[in-house]
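Asker: There's a structure below that I have some questions on.
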Amino acid sequence: MAEAAAFSQTTGTIPLGRRTPVDSQPDDAFLVARARAGDVAAFEQLYRQNVGRAYALCLRMTADPALAEELTQEVFVRAWQKLKTFRGNSAFATWLHRIAVNVVLSERRTRSRRAARITTTDDVAALNAPAPPPTHGVRIDLEEALARLPEGARTVFVLHDVEGYRHHEIAAMTGMAVGTSKAQLHRARRLLREALR
Amino acid sequence: MSTCNEMEGRLNDYVDGTLSEAEAQSVEAHLGSCPACRRAEGELRALIAGAEALPKALVPERDLWPGVVGRIQGEARSGTVRRPFTQTIRRRVLPFAAAVAVTVAALYAVAVWRTPGYVKAEADFMRTRAQLLAAIEARGERLSPGTAQTVQANLRVIDDAVQEIRAAIEDDPDNPRLVRMLMATRQKELDLLVAVVRTPQPIGAAP
């Protein structure tokens, strides 16, 4: 089976098909098409191009580096499973980003139900590890303050002010009312302003 | 004219650009006469600009691809995607281990050597121990060699102690102090295993 053969290769170049004429990087549509056909090497290229963005979202929304790593892996496994539903109406990165948000929120709902895990909001040291080198004081301060926010406020702040979603989109993704999303954003901003003074 | 107490929500909407023209003019009129709210507006705009300037991508400390490809290749073989073992451990085994540790301690405390209660406590302990050991093995590559050796050495010491205590109990089965000693040793073993599994980064790695 071609699919089985494709699974045996996890590295290397894309063996067949169209390539961009000048740039050696194949475009997303080509990689997605190859990955949908079972080409793991193509999917790995999509992973390499997008893992940083998915991890940043997971890390900022969870404030837990180890959990963020697990969720990032879950995002790409979920994307692999759903590749056949990707119609190309949006960029692959946008589609993947929405999956990442859903994975984080889904994990949170499961965790809330089980009440088996408590995320502290003052674990700043844990957040520092994967962050960029502390060359920009304001940036590090904001990352630290963000990690200390209550979970609901942090979620809305990350989605709205960092990732650029609108309140009605956040409401649709999280199941909260638009008014609640706005209230959480205002709360997050107030707490962050106080923390950063 | 708006008051400062009414300002927070409207100021947020103002900097987000979601107010009507009339509402925006009302806010601007207030800002023109209120230094505190002007300062708040400046802080809000700086905060939003800072959030927008945060890097959109962060690099994980380890390569996550092996875990991804392992799961999707496992899916191809079995038709299902396995949950990463560490995730299973975090979600299910660790809380279970904590509960079992308490149960085991309680059962050991009241059980007499080789009664049904004691046998159940031993069985629960051994099952949890096996799960934790499997979890440690699964993440073995993330433990530094020195740490792995230290953990193994400690486990050997504990195992030796358990064997000696069990031998002593065989000779003196009615001695409650020996059973309590066994319980304490088992507890130390569980504590060690749980600590290793919970450690998010390689133990002993440079900060």
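How things are named: the first chain in the structure tokens is A, the next is B, and so on; residues count from 1 in each chain; ligands count from 1 in the order shown.
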Give me, as a list in words, the residues of chain B touching chain A, with the criterion being at most 6 Å (counting only C-alpha atoms).
Answerer: Ala51, Glu52, Lys56, Ala57, Leu58, Val59, Glu61, Val68 and Pro200 of chain B
Asker: Between A:Met173, A:Ala63, A:Leu105, A:Lys84, which has the minimum distance to A:Arg154 (counting only C-alpha atoms)?
Answerer: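 Of the candidates, the smallest distance to A:Arg154 is held by A:Ala63.
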Asker: Can you measure atom CA of A:Ala100 to atom CA of B:Gly50 for me? One decimal in Å is fine.
Answerer: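 Those two atoms sit 22.6 Å apart.
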Asker: May I ask which of the residues B:Ala167, B:Leu47, B:Val151, B:Val179 is the closest one to B:Leu193, counting only C-alpha atoms?
Answerer: B:Val151
Asker: For atom CA of A:Leu46 and atom CA of A:Val103, determine how far apart the two atoms are, in Å to one decimal place.
Answerer: 18.1 Å
